[in-house]
Every structure is written in C-alpha cells, then in structure tokens.
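What follows is the content of final_29.tsv (TSV, C-alpha atoms and all ligand atoms).
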chain	number	residue	atom	x	y	z
K	27	MET	CA	11.44	-14.33	-23.20
K	28	THR	CA	12.88	-16.84	-20.76
K	29	HIS	CA	12.20	-16.14	-17.11
K	30	PRO	CA	15.28	-14.56	-15.44
K	31	PHE	CA	15.03	-16.92	-12.43
K	32	LEU	CA	14.29	-20.16	-14.26
K	33	GLY	CA	15.52	-23.14	-12.23
K	34	LYS	CA	16.24	-21.06	-9.12
K	35	ARG	CA	14.84	-21.72	-5.67
K	36	VAL	CA	12.20	-19.12	-4.73
K	37	ALA	CA	11.61	-18.23	-1.08
K	38	VAL	CA	8.16	-16.75	-0.46
K	39	VAL	CA	8.71	-14.71	2.71
K	40	MET	CA	5.51	-14.18	4.69
K	41	GLY	CA	4.09	-13.45	8.12
K	42	GLY	CA	6.62	-11.05	9.53
K	43	LEU	CA	6.63	-8.95	12.65
K	44	SER	CA	4.11	-6.22	11.77
K	45	ALA	CA	0.47	-5.74	12.74
K	46	GLU	CA	-0.40	-7.03	9.24
K	47	ARG	CA	1.07	-10.50	9.93
K	48	GLU	CA	-2.19	-12.39	9.32
K	49	VAL	CA	-2.90	-10.62	6.03
K	50	SER	CA	0.67	-11.40	4.95
K	51	LEU	CA	0.29	-15.12	5.72
K	52	ASN	CA	-2.76	-15.18	3.44
K	53	THR	CA	-0.82	-13.42	0.69
K	54	GLY	CA	2.18	-15.74	1.12
K	55	LEU	CA	0.25	-19.00	1.09
K	56	GLY	CA	-1.64	-17.90	-2.02
K	57	VAL	CA	1.54	-16.92	-3.86
K	58	LEU	CA	3.37	-20.10	-2.78
K	59	ALA	CA	0.59	-22.34	-4.11
K	60	ALA	CA	0.42	-20.35	-7.36
K	61	LEU	CA	4.18	-20.60	-7.99
K	62	GLN	CA	4.21	-24.32	-7.19
K	63	GLU	CA	1.28	-24.80	-9.58
K	64	LYS	CA	3.47	-23.19	-12.25
K	65	GLY	CA	6.22	-25.71	-11.47
K	66	TRP	CA	8.55	-23.44	-9.47
K	67	ASP	CA	10.86	-24.82	-6.79
K	68	ALA	CA	9.22	-22.52	-4.23
K	69	VAL	CA	9.40	-22.72	-0.43
K	70	GLY	CA	7.44	-20.73	2.14
K	71	ILE	CA	9.29	-18.97	4.94
K	72	ASP	CA	7.19	-17.85	7.89
K	73	TRP	CA	9.30	-15.13	9.49
K	74	LYS	CA	8.12	-14.75	13.07
K	75	ASP	CA	9.27	-13.15	16.27
K	76	GLY	CA	12.35	-14.90	17.67
K	77	THR	CA	13.54	-16.26	14.31
K	78	SER	CA	16.38	-14.87	12.21
K	79	LEU	CA	15.40	-13.99	8.66
K	80	PRO	CA	18.96	-14.14	7.23
K	81	LYS	CA	19.40	-17.60	8.75
K	82	LEU	CA	16.04	-18.79	7.39
K	83	LEU	CA	16.99	-17.54	3.91
K	84	GLU	CA	20.34	-19.34	4.10
K	85	ASP	CA	18.87	-22.56	5.53
K	86	HIS	CA	16.29	-22.69	2.72
K	87	GLY	CA	18.87	-21.99	0.03
K	88	ALA	CA	16.91	-18.97	-1.22
K	89	ALA	CA	18.15	-17.77	-4.61
K	90	VAL	CA	15.38	-15.18	-5.01
K	91	VAL	CA	12.83	-13.73	-2.57
K	92	TRP	CA	9.13	-13.25	-3.36
K	93	ASN	CA	8.29	-10.69	-0.68
K	94	ALA	CA	4.78	-11.40	0.65
K	95	LEU	CA	5.22	-9.28	3.79
K	96	HIS	CA	3.11	-6.20	4.58
K	97	GLY	CA	3.82	-3.22	6.83
K	98	THR	CA	6.83	-2.46	9.03
K	99	TRP	CA	10.02	-4.55	8.43
K	100	GLY	CA	8.68	-5.83	5.14
K	101	GLU	CA	7.22	-2.98	3.13
K	102	ASP	CA	9.44	-0.19	4.46
K	103	GLY	CA	12.82	-1.05	2.91
K	104	ALA	CA	14.20	-3.13	5.81
K	105	VAL	CA	13.87	-6.56	4.17
K	106	GLN	CA	14.84	-5.03	0.82
K	107	GLY	CA	18.09	-3.87	2.49
K	108	LEU	CA	18.73	-7.27	4.05
K	109	CYS	CA	18.25	-9.04	0.70
K	110	SER	CA	20.49	-6.52	-0.97
K	111	CYS	CA	23.28	-7.19	1.59
K	112	MET	CA	22.83	-10.94	1.07
K	113	ARG	CA	22.92	-10.49	-2.72
K	114	ILE	CA	19.48	-12.10	-3.07
K	115	PRO	CA	17.13	-10.44	-5.58
K	116	CYS	CA	13.78	-9.47	-4.01
K	117	THR	CA	10.41	-8.65	-5.63
K	118	GLY	CA	8.85	-5.18	-5.45
K	119	SER	CA	10.39	-1.76	-4.99
K	120	GLY	CA	13.92	-1.22	-3.69
K	121	ILE	CA	15.11	0.19	-0.38
K	122	LEU	CA	14.60	3.91	-1.00
K	123	ALA	CA	11.26	3.73	-2.85
K	124	SER	CA	9.88	1.34	-0.23
K	125	ALA	CA	10.90	3.63	2.63
K	126	LEU	CA	9.56	6.74	0.91
K	127	ALA	CA	6.22	5.14	0.02
K	128	MET	CA	5.74	3.85	3.57
K	129	ASP	CA	6.12	7.33	5.02
K	130	LYS	CA	3.18	9.53	4.03
K	131	VAL	CA	5.03	12.75	4.88
K	132	MET	CA	8.00	11.90	2.64
K	133	SER	CA	5.62	10.65	-0.08
K	134	LYS	CA	3.71	13.92	-0.07
K	135	ARG	CA	6.91	15.96	-0.30
K	136	ILE	CA	8.02	13.91	-3.30
K	137	PHE	CA	4.56	14.16	-4.91
K	138	GLU	CA	4.47	17.94	-4.49
K	139	SER	CA	7.94	18.41	-5.96
K	140	ASN	CA	6.98	16.26	-8.96
K	141	GLY	CA	3.61	17.76	-9.83
K	142	VAL	CA	1.62	14.80	-8.48
K	143	PRO	CA	-1.58	16.16	-6.91
K	144	THR	CA	-2.16	15.16	-3.27
K	145	PRO	CA	-4.65	16.63	-0.76
K	146	ARG	CA	-3.53	19.87	0.93
K	147	TRP	CA	-1.96	18.90	4.23
K	148	ARG	CA	-0.15	19.90	7.38
K	149	LEU	CA	2.17	17.95	9.67
K	150	LEU	CA	1.53	17.93	13.43
K	151	SER	CA	4.47	16.87	15.54
K	152	HIS	CA	4.51	13.49	17.19
K	153	ASP	CA	5.70	15.04	20.45
K	154	GLY	CA	2.60	17.21	20.94
K	155	PRO	CA	0.18	16.58	23.81
K	156	ALA	CA	-1.03	12.96	23.88
K	157	ASP	CA	-4.63	14.09	24.45
K	158	GLY	CA	-4.64	16.19	21.25
K	159	SER	CA	-5.20	19.40	23.24
K	160	ASP	CA	-3.24	21.34	20.60
K	161	ALA	CA	-6.39	20.96	18.45
K	162	ASP	CA	-6.86	24.73	18.37
K	163	THR	CA	-3.96	25.01	15.92
K	164	LEU	CA	-6.49	23.64	13.41
K	165	ALA	CA	-9.22	26.15	14.26
K	166	ASP	CA	-9.09	27.65	10.76
K	167	TRP	CA	-8.87	24.34	8.83
K	168	PRO	CA	-12.16	23.88	6.93
K	169	LEU	CA	-14.28	20.86	7.89
K	170	PRO	CA	-14.45	18.03	7.09
K	171	PHE	CA	-10.80	16.94	7.18
K	172	VAL	CA	-8.77	13.78	7.73
K	173	VAL	CA	-6.33	13.05	10.56
K	174	LYS	CA	-3.97	10.09	10.15
K	175	PRO	CA	-0.65	8.73	11.39
K	176	ALA	CA	2.21	9.26	8.93
K	177	ASN	CA	3.48	5.68	9.05
K	178	GLU	CA	0.58	3.26	9.44
K	179	GLY	CA	-1.40	1.23	6.91
K	180	SER	CA	-4.74	-0.61	6.75
K	181	SER	CA	-6.58	2.63	7.71
K	182	VAL	CA	-5.35	2.19	11.29
K	183	GLY	CA	-5.62	5.45	13.25
K	184	VAL	CA	-7.38	7.32	10.40
K	185	SER	CA	-10.28	9.66	11.37
K	186	ILE	CA	-12.58	11.81	9.31
K	187	VAL	CA	-13.33	14.90	11.38
K	188	GLU	CA	-16.71	16.49	10.69
K	189	ASP	CA	-17.16	18.39	13.91
K	190	ARG	CA	-14.63	20.54	15.82
K	191	ALA	CA	-15.24	18.51	19.00
K	192	GLN	CA	-13.79	15.45	17.22
K	193	ILE	CA	-10.42	17.11	16.48
K	194	ALA	CA	-8.67	16.44	19.80
K	195	PRO	CA	-9.72	12.74	20.00
K	196	ALA	CA	-8.66	12.25	16.35
K	197	ILE	CA	-5.21	13.76	16.98
K	198	ALA	CA	-4.87	11.75	20.21
K	199	MET	CA	-5.62	8.52	18.34
K	200	ALA	CA	-3.19	9.21	15.48
K	201	ARG	CA	-0.47	10.13	18.03
K	202	LYS	CA	-0.59	6.62	19.50
K	203	PHE	CA	1.45	5.42	16.51
K	204	HIS	CA	5.07	6.25	15.79
K	205	GLY	CA	5.90	9.12	13.44
K	206	GLY	CA	4.04	12.37	12.89
K	207	VAL	CA	0.36	13.13	12.42
K	208	ILE	CA	-0.99	14.29	9.08
K	209	VAL	CA	-3.99	16.57	8.74
K	210	GLU	CA	-5.36	16.82	5.21
K	211	ASP	CA	-8.39	18.05	3.26
K	212	TYR	CA	-11.16	15.49	3.02
K	213	ILE	CA	-11.79	14.72	-0.65
K	214	ALA	CA	-15.46	13.94	-1.09
K	215	GLY	CA	-16.04	11.75	-4.14
K	216	THR	CA	-14.81	8.44	-5.47
K	217	GLU	CA	-12.00	6.14	-4.34
K	218	VAL	CA	-9.93	4.47	-7.06
K	219	PHE	CA	-6.96	2.11	-6.73
K	220	VAL	CA	-4.65	1.56	-9.70
K	221	GLY	CA	-2.75	-1.66	-10.36
K	222	ILE	CA	0.78	-1.23	-11.73
K	223	LEU	CA	3.34	-3.81	-12.83
K	224	ASP	CA	6.81	-2.90	-14.11
K	225	GLY	CA	5.88	0.70	-14.84
K	226	ARG	CA	2.74	-0.29	-16.76
K	227	VAL	CA	-0.84	0.36	-15.65
K	228	LEU	CA	-2.81	-2.91	-15.63
K	229	GLY	CA	-6.12	-1.24	-14.79
K	230	SER	CA	-8.03	0.14	-11.85
K	231	VAL	CA	-10.81	-0.55	-9.39
K	232	GLU	CA	-13.45	1.77	-7.93
K	233	VAL	CA	-13.98	1.03	-4.24
K	234	ARG	CA	-17.36	1.75	-2.70
K	235	PRO	CA	-17.39	0.96	1.01
K	236	ALA	CA	-20.74	0.65	2.81
K	237	THR	CA	-19.07	2.29	5.83
K	238	LYS	CA	-18.27	6.02	6.06
K	239	PHE	CA	-14.83	5.48	4.58
K	240	TYR	CA	-12.61	2.55	3.57
K	241	ASP	CA	-11.64	1.70	7.15
K	242	TYR	CA	-10.09	-1.43	8.66
K	243	GLU	CA	-13.50	-3.09	8.99
K	244	ALA	CA	-14.38	-2.44	5.35
K	245	LYS	CA	-10.95	-3.72	4.25
K	246	TYR	CA	-10.79	-6.98	6.17
K	247	LYS	CA	-13.98	-7.74	8.11
K	248	ARG	CA	-17.04	-6.81	6.08
K	249	ASN	CA	-18.18	-8.20	2.78
K	250	ASP	CA	-20.43	-5.35	1.69
K	251	THR	CA	-17.74	-3.17	0.08
K	252	LYS	CA	-18.31	-2.94	-3.69
K	253	TYR	CA	-15.33	-3.28	-6.03
K	254	LEU	CA	-15.99	-2.15	-9.60
K	255	ILE	CA	-13.56	-3.24	-12.31
K	256	PRO	CA	-13.37	-1.26	-14.48
K	257	PRO	CA	-14.53	1.78	-12.44
K	258	GLU	CA	-18.00	3.14	-13.23
K	259	ILE	CA	-16.87	6.78	-13.31
K	260	GLU	CA	-16.28	8.30	-16.75
K	261	ARG	CA	-13.37	6.95	-18.75
K	262	PRO	CA	-11.43	10.29	-19.00
K	263	LEU	CA	-11.39	10.48	-15.18
K	264	VAL	CA	-10.10	6.91	-14.93
K	265	GLU	CA	-7.37	7.76	-17.42
K	266	LYS	CA	-6.42	10.86	-15.44
K	267	ALA	CA	-6.25	8.79	-12.23
K	268	GLU	CA	-4.13	6.14	-13.94
K	269	LYS	CA	-1.74	8.80	-15.26
K	270	TYR	CA	-1.24	10.36	-11.82
K	271	ALA	CA	-0.92	6.92	-10.20
K	272	LEU	CA	1.92	6.10	-12.58
K	273	ASP	CA	3.49	9.55	-12.00
K	274	ALA	CA	3.38	8.86	-8.23
K	275	TYR	CA	4.99	5.41	-8.72
K	276	ASN	CA	7.73	6.93	-10.88
K	277	ALA	CA	8.30	9.93	-8.59
K	278	LEU	CA	8.96	7.62	-5.64
K	279	GLY	CA	11.21	5.44	-7.82
K	280	CYS	CA	9.06	2.31	-7.44
K	281	SER	CA	9.60	-0.89	-9.41
K	282	GLY	CA	7.76	-4.18	-9.89
K	283	HIS	CA	4.19	-4.23	-8.62
K	284	ALA	CA	2.43	-1.47	-6.69
K	285	ARG	CA	-1.06	-0.16	-6.04
K	286	PRO	CA	-1.53	3.59	-5.55
K	287	ASP	CA	-4.67	4.82	-3.69
K	288	LEU	CA	-6.44	7.86	-5.14
K	289	ARG	CA	-9.51	10.01	-4.54
K	290	ILE	CA	-11.42	11.77	-7.32
K	291	SER	CA	-13.42	14.83	-6.21
K	292	GLN	CA	-16.94	15.65	-7.35
K	293	THR	CA	-15.43	18.34	-9.61
K	294	GLY	CA	-13.20	15.77	-11.31
K	295	ASP	CA	-9.92	16.62	-9.59
K	296	VAL	CA	-7.64	13.66	-8.90
K	297	PHE	CA	-5.55	13.30	-5.71
K	298	VAL	CA	-3.02	10.61	-4.84
K	299	LEU	CA	-3.29	9.50	-1.18
K	300	GLU	CA	-0.42	7.00	-1.14
K	301	VAL	CA	1.37	4.25	-3.05
K	302	ASN	CA	1.17	0.75	-1.57
K	303	THR	CA	4.39	-0.99	-2.59
K	304	LEU	CA	3.36	-4.41	-1.23
K	305	PRO	CA	-0.40	-4.59	-1.80
K	306	GLY	CA	-2.46	-7.62	-0.75
K	307	MET	CA	-1.78	-10.49	-3.13
K	308	THR	CA	-4.20	-13.28	-2.18
K	309	LYS	CA	-6.11	-14.75	-5.11
K	310	THR	CA	-9.05	-12.43	-4.35
K	311	SER	CA	-7.03	-9.27	-3.58
K	312	LEU	CA	-7.53	-6.19	-5.72
K	313	LEU	CA	-4.34	-6.31	-7.81
K	314	PRO	CA	-5.01	-9.95	-8.87
K	315	LYS	CA	-8.62	-8.97	-9.67
K	316	ILE	CA	-7.41	-6.10	-11.85
K	317	ALA	CA	-4.92	-8.42	-13.61
K	318	LYS	CA	-7.65	-10.99	-14.18
K	319	SER	CA	-9.84	-8.35	-15.86
K	320	ILE	CA	-7.17	-7.98	-18.57
K	321	GLY	CA	-6.77	-11.74	-18.95
K	322	MET	CA	-3.77	-12.32	-16.67
K	323	ASP	CA	-4.50	-15.16	-14.26
K	324	TYR	CA	-3.23	-15.24	-10.67
K	325	PRO	CA	-0.34	-17.72	-11.14
K	326	THR	CA	0.88	-15.76	-14.18
K	327	LEU	CA	0.77	-12.49	-12.22
K	328	CYS	CA	2.76	-14.10	-9.36
K	329	GLU	CA	5.30	-15.38	-11.87
K	330	GLN	CA	5.61	-11.99	-13.59
K	331	ILE	CA	6.13	-10.28	-10.24
K	332	LEU	CA	8.88	-12.85	-9.58
K	333	ALA	CA	10.49	-11.89	-12.89
K	334	SER	CA	10.67	-8.27	-11.69
K	335	ALA	CA	12.82	-9.16	-8.64
K	336	LYS	CA	16.01	-7.09	-8.39
A	401	LIG	N1	-7.91	12.98	2.16
A	401	LIG	C1	-8.83	12.02	2.18
A	401	LIG	N2	-10.08	12.23	1.69
A	401	LIG	C2	-11.02	11.27	1.75
A	401	LIG	N3	-10.82	10.04	2.26
A	401	LIG	C3	-9.60	9.76	2.76
A	401	LIG	C4	-8.53	10.73	2.74
A	401	LIG	N4	-7.45	10.17	3.33
A	401	LIG	C5	-7.81	8.90	3.68
A	401	LIG	N5	-9.10	8.67	3.36
A	401	LIG	C6	-9.83	7.40	3.59
A	401	LIG	O1	-9.07	6.61	4.51
A	401	LIG	C7	-8.55	5.41	3.87
A	401	LIG	C8	-7.13	5.11	4.36
A	401	LIG	O2	-6.29	6.19	4.09
A	401	LIG	P1	-4.87	6.04	3.38
A	401	LIG	O3	-4.29	7.40	3.25
A	401	LIG	O4	-4.99	5.25	2.11
A	401	LIG	O5	-4.02	5.25	4.47
A	401	LIG	P2	-3.73	3.69	4.73
A	401	LIG	O6	-2.24	3.57	4.58
A	401	LIG	O7	-4.17	3.45	6.13
A	401	LIG	O8	-4.49	2.88	3.69
A	401	LIG	C9	-8.62	5.71	2.39
A	401	LIG	O9	-8.72	4.50	1.65
A	401	LIG	C10	-9.87	6.60	2.29
A	401	LIG	O10	-11.07	5.82	2.31
A	402	MG	MG	-4.58	3.21	1.65
Is it possible to express this structure as structure tokens?
Amino acid sequence: MTHPFLGKRVAVVMGGLSAEREVSLNTGLGVLAALQEKGWDAVGIDWKDGTSLPKLLEDHGAAVVWNALHGTWGEDGAVQGLCSCMRIPCTGSGILASALAMDKVMSKRIFESNGVPTPRWRLLSHDGPADGSDADTLADWPLPFVVKPANEGSSVGVSIVEDRAQIAPAIAMARKFHGGVIVEDYIAGTEVFVGILDGRVLGSVEVRPATKFYDYEAKYKRNDTKYLIPPEIERPLVEKAEKYALDAYNALGCSGHARPDLRISQTGDVFVLEVNTLPGMTKTSLLPKIAKSIGMDYPTLCEQILASAK
C-alpha cells in the first residue's frame, strides 16, 4: 500500500510548554532522524515559550504533523485541535480521545461504563485544604492505597500510602497540581504496559522497578528498572491484559499509537491505570522496544505512525 503522505512535508513537533519538554525533545530528535533516514522531507519544529505554533507550522510549510510532544498542550487535545483548525493531519489520537485519556477521572468513568476494569477509586476535590487535613474522610479506606493528581503524568505527585500518618502529606502533594485528587486501591502485583498501533496490539512489556513503584526516578533517572519483553508472567494473563488494554483504547476512542498502563494482581485480576496517547518514542523507549520484538524497526514504526495521521 502506498503511504498516504508520500511526497508531503512532515513537521515533527517537539519540545513544547509542558514539564515533559526535555523528554519530548528526545522523542522528537529520534523521530526526525528516523524519518529522514527513510527519505522523508521532514523538518523539526521546537515549539517553545514565546513562539507561535501556528506560525511555525505555516513558516515550515507543514503538510502533516508528527506529534512528538508529551503532557499538557500536546497530549491533551490542544495541539490536535489546532491542527484540525489548520486542516493539517496530526499523528496519534484526536481531540476528544486525547483529552479523555489525559484526565484520569474522565478515563475511569469511561472505563467503568465500558466494562474495562480499573482500581476502585474516589475523587477528592481540588479545593479541599492544601495541607490535606481532610484526610479523615479516608479513615475507612483499606491500606495500602494510592493518591495521585488527576491530570499529571510521569508519576509526578503519585504516593503510595502505607500508613495513616502519610495520608495528609500525600493529599497535600497531589493537590499542588491542577485538577482533582484521585484515591485508589493499591494493586500489589505486576506492572505491564501494552503497545498498540492502529487498533492492533503489537505486544507488551513487564516493568520491574528497583524502587518501591515506577516513579519519576525509575522512569527517567535510574538504569536499574528491568523491562521484560515479552512479560515473564503466564501467557493467559498477558493475553487478558492485552485484551483490556485494547478495550481501554477503544472505549476512549483512541487512534494511531498508544500505550496503556496496567497492573495485574497476585490473584490474576487485571486493572487498567491509564492510556498514554503520546508515549515516549525515542529509539530506546518502550513502544519501539515492543515493536522491535515483533520485527518492526524504529524507522518503520515512525513511518507507520505517520501513516496513521488524521
Ligand atoms: N493503583 C495502583 N496500584 C499500584 N501501583 C500504582 C497504582 N497507581 C499508580 N501506581 C504506580 O504509579 C505509577 C504512575 O501511576 P499512573 O497512574 O500510571 O500515572 P502517570 O500518569 O503518572 O504515569 C504506575 O506506573 C505504578 O507504578
Ligand atoms: Mg503511567
């Protein structure tokens, strides 16, 4: 099949205005080099504070956008909306799916109404006391549990509460970010991420952090996290996780590439934590590693993601 954007100028948009700017630059430079290696007329656009993205897209003659941004104003539907208004196709999920996936409260509501299992949860208002002194509302919630901001990524503001004295500080920390605070059951067991492209599961990875959980340090700073492709857990459990990951992707209305995060309990129950609609895409990121395990090299994956732009 001929590529739908053959001969068109590709703008790889990277950097951006979110806290994940540095990670995005790594993704963008990797993708740009891979597309150029494949012979594409690709240009990199570093969108930074004080610059106008629509103007940059026009100045570079962008015919299609490869979205290498992460986080707010990139992953949340904003850039997808801009591209849509400019009539420029953009990779990844559309406006609504991006916005829903970015918001953990909305994601959980969609999961629950579509039979996608997600940890039992409760929403604490963002306007509550900044010091978390409303912690007693959780007096009957069984320990351990997780407290996290509804709209962050990269494990920022996430706490695992094992002791009642930690509840107030955990709520206080999560309240520092915009949006509500989610309290949810801690799922002891295994962490699995599933790679999806165009509604098809490519495979999955079992993540074994050396830290207590897969926190910011384990994600970006340490090199002692183990990534097992394929996962070491039994095959039927992997298949169950992959099924629910795809159900979550479909329930949110995602398209193109995505990487849902799941936990599998010691009793073999699967829970979807979230769907990342713009996962890390450097050469050594998890989705490229999953693709490689089924024989799809990094430049080919970047090119196939480009083909999915809408
Ligand atoms: N309910 C949970 N049970 C066990 N671990 C969790 C739970 N929620 C989050 N975690 C841990 O925190 C990490 C980050 O949480 P996640 O919901 O994926 O948010 P983020 O958007 O920050 O990645 C997860 O990868 C996992 O290690
Ligand atoms: Mg996550």
Can you build me a table of chain K residues sitting at most 8 Å from ligand LIG 401 (chain A), with the closest atom pair per residue and its distance in Å to one decimal, using only C-alpha atoms and all ligand atoms, sorted by chain and residue number, as CSV?
residue,atom,partner,partner_atom,distance
K:Lys130,CA,A:LIG401,O3,7.8
K:Pro145,CA,A:LIG401,N1,5.7
K:Phe171,CA,A:LIG401,N1,7.0
K:Val172,CA,A:LIG401,N1,5.7
K:Val173,CA,A:LIG401,N4,7.9
K:Lys174,CA,A:LIG401,O3,7.4
K:Asn177,CA,A:LIG401,O6,7.6
K:Glu178,CA,A:LIG401,O6,5.6
K:Gly179,CA,A:LIG401,O6,3.4
K:Ser180,CA,A:LIG401,O7,4.1
K:Ser181,CA,A:LIG401,O7,3.0
K:Val182,CA,A:LIG401,O7,5.4
K:Gly183,CA,A:LIG401,O7,7.5
K:Val184,CA,A:LIG401,O1,6.2
K:Ser185,CA,A:LIG401,O1,7.6
K:Ile186,CA,A:LIG401,N3,7.5
K:Glu210,CA,A:LIG401,N1,5.5
K:Asp211,CA,A:LIG401,N1,5.2
K:Tyr212,CA,A:LIG401,N2,3.7
K:Ile213,CA,A:LIG401,N2,3.8
K:Ala214,CA,A:LIG401,C2,5.9
K:Gly215,CA,A:LIG401,C2,7.8
K:Glu217,CA,A:LIG401,O10,6.7
K:Phe239,CA,A:LIG401,O10,4.4
K:Tyr240,CA,A:LIG401,O10,3.8
K:Asp241,CA,A:LIG401,C7,5.8
K:Asp287,CA,A:LIG401,O4,5.8
K:Leu288,CA,A:LIG401,O4,7.8
K:Arg289,CA,A:LIG401,C2,6.6
K:Leu299,CA,A:LIG401,O3,5.0
K:Glu300,CA,A:LIG401,O3,5.9
K:Asn302,CA,A:LIG401,O6,7.6
Exercise. Would you list the contacts of Val38 in chain K as an NGL selection string, taking every protein, DNA or RNA residue within 12 Å and counting only C-alpha atoms, but skipping same-chain residues closer than 6 positions in sequence?
Key: :K and (50-62 or 66-73 or 79 or 82-83 or 86-95 or 116-117 or 328-329 or 331-332)
Same residues, C-alpha atoms, output as a PDB file, keeping the file's coordinate frame:
ATOM      1  CA  SER K  50       0.670 -11.400   4.950  1.00  0.00           C
ATOM      2  CA  LEU K  51       0.290 -15.120   5.720  1.00  0.00           C
ATOM      3  CA  ASN K  52      -2.760 -15.180   3.440  1.00  0.00           C
ATOM      4  CA  THR K  53      -0.820 -13.420   0.690  1.00  0.00           C
ATOM      5  CA  GLY K  54       2.180 -15.740   1.120  1.00  0.00           C
ATOM      6  CA  LEU K  55       0.250 -19.000   1.090  1.00  0.00           C
ATOM      7  CA  GLY K  56      -1.640 -17.900  -2.020  1.00  0.00           C
ATOM      8  CA  VAL K  57       1.540 -16.920  -3.860  1.00  0.00           C
ATOM      9  CA  LEU K  58       3.370 -20.100  -2.780  1.00  0.00           C
ATOM     10  CA  ALA K  59       0.590 -22.340  -4.110  1.00  0.00           C
ATOM     11  CA  ALA K  60       0.420 -20.350  -7.360  1.00  0.00           C
ATOM     12  CA  LEU K  61       4.180 -20.600  -7.990  1.00  0.00           C
ATOM     13  CA  GLN K  62       4.210 -24.320  -7.190  1.00  0.00           C
ATOM     14  CA  TRP K  66       8.550 -23.440  -9.470  1.00  0.00           C
ATOM     15  CA  ASP K  67      10.860 -24.820  -6.790  1.00  0.00           C
ATOM     16  CA  ALA K  68       9.220 -22.520  -4.230  1.00  0.00           C
ATOM     17  CA  VAL K  69       9.400 -22.720  -0.430  1.00  0.00           C
ATOM     18  CA  GLY K  70       7.440 -20.730   2.140  1.00  0.00           C
ATOM     19  CA  ILE K  71       9.290 -18.970   4.940  1.00  0.00           C
ATOM     20  CA  ASP K  72       7.190 -17.850   7.890  1.00  0.00           C
ATOM     21  CA  TRP K  73       9.300 -15.130   9.490  1.00  0.00           C
ATOM     22  CA  LEU K  79      15.400 -13.990   8.660  1.00  0.00           C
ATOM     23  CA  LEU K  82      16.040 -18.790   7.390  1.00  0.00           C
ATOM     24  CA  LEU K  83      16.990 -17.540   3.910  1.00  0.00           C
ATOM     25  CA  HIS K  86      16.290 -22.690   2.720  1.00  0.00           C
ATOM     26  CA  GLY K  87      18.870 -21.990   0.030  1.00  0.00           C
ATOM     27  CA  ALA K  88      16.910 -18.970  -1.220  1.00  0.00           C
ATOM     28  CA  ALA K  89      18.150 -17.770  -4.610  1.00  0.00           C
ATOM     29  CA  VAL K  90      15.380 -15.180  -5.010  1.00  0.00           C
ATOM     30  CA  VAL K  91      12.830 -13.730  -2.570  1.00  0.00           C
ATOM     31  CA  TRP K  92       9.130 -13.250  -3.360  1.00  0.00           C
ATOM     32  CA  ASN K  93       8.290 -10.690  -0.680  1.00  0.00           C
ATOM     33  CA  ALA K  94       4.780 -11.400   0.650  1.00  0.00           C
ATOM     34  CA  LEU K  95       5.220  -9.280   3.790  1.00  0.00           C
ATOM     35  CA  CYS K 116      13.780  -9.470  -4.010  1.00  0.00           C
ATOM     36  CA  THR K 117      10.410  -8.650  -5.630  1.00  0.00           C
ATOM     37  CA  CYS K 328       2.760 -14.100  -9.360  1.00  0.00           C
ATOM     38  CA  GLU K 329       5.300 -15.380 -11.870  1.00  0.00           C
ATOM     39  CA  ILE K 331       6.130 -10.280 -10.240  1.00  0.00           C
ATOM     40  CA  LEU K 332       8.880 -12.850  -9.580  1.00  0.00           C
TER      41      LEU K 332
END
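Relative to CA of Ala277 in chain K, CA of Asn140 in chain K is found at 6.5 Å.
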Exercise. Pick out the closest residue to Arg201 in chain K from this set: K:Val301, K:Leu149, K:Ala335, K:Val49. Count all atoms listed in the file.
Key: K:Leu149
Quiz item: Using all atoms listed in the file, which residue out of K:Cys280, K:Ala198, K:Ala333, K:Ile320 lies closest to Ala125 in chain K?
Solution: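 Checking each candidate against Ala125 in chain K, we get K:Cys280 as the closest.
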Mind filling out range 244-256 of chain K with N, CA and C atoms and sending it as a CSV table (one decimal), in the coordinates of the input?
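In the end it all went to result.csv:
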chain,number,residue,atom,x,y,z
K,244,ALA,N,-14.0,-2.3,6.8
K,244,ALA,CA,-14.4,-2.4,5.4
K,244,ALA,C,-13.3,-3.2,4.6
K,245,LYS,N,-12.0,-3.0,5.0
K,245,LYS,CA,-11.0,-3.7,4.2
K,245,LYS,C,-10.9,-5.2,4.5
K,246,TYR,N,-11.1,-5.6,5.8
K,246,TYR,CA,-10.8,-7.0,6.2
K,246,TYR,C,-11.9,-7.7,6.8
K,247,LYS,N,-13.0,-7.0,7.3
K,247,LYS,CA,-14.0,-7.7,8.1
K,247,LYS,C,-15.3,-7.8,7.4
K,248,ARG,N,-15.7,-6.8,6.7
K,248,ARG,CA,-17.0,-6.8,6.1
K,248,ARG,C,-17.0,-7.3,4.6
K,249,ASN,N,-18.2,-7.8,4.2
K,249,ASN,CA,-18.2,-8.2,2.8
K,249,ASN,C,-19.2,-7.4,2.0
K,250,ASP,N,-19.5,-6.2,2.4
K,250,ASP,CA,-20.4,-5.4,1.7
K,250,ASP,C,-19.8,-4.2,1.0
K,251,THR,N,-18.4,-4.2,0.9
K,251,THR,CA,-17.7,-3.2,0.1
K,251,THR,C,-17.9,-3.6,-1.4
K,252,LYS,N,-18.2,-2.6,-2.3
K,252,LYS,CA,-18.3,-2.9,-3.7
K,252,LYS,C,-17.0,-2.6,-4.4
K,253,TYR,N,-16.5,-3.5,-5.2
K,253,TYR,CA,-15.3,-3.3,-6.0
K,253,TYR,C,-15.7,-3.3,-7.5
K,254,LEU,N,-15.6,-2.2,-8.2
K,254,LEU,CA,-16.0,-2.2,-9.6
K,254,LEU,C,-14.8,-2.1,-10.5
K,255,ILE,N,-14.7,-3.2,-11.3
K,255,ILE,CA,-13.6,-3.2,-12.3
K,255,ILE,C,-14.2,-3.5,-13.7
K,256,PRO,N,-14.0,-2.6,-14.6
K,256,PRO,CA,-13.4,-1.3,-14.5
K,256,PRO,C,-14.3,-0.3,-13.7
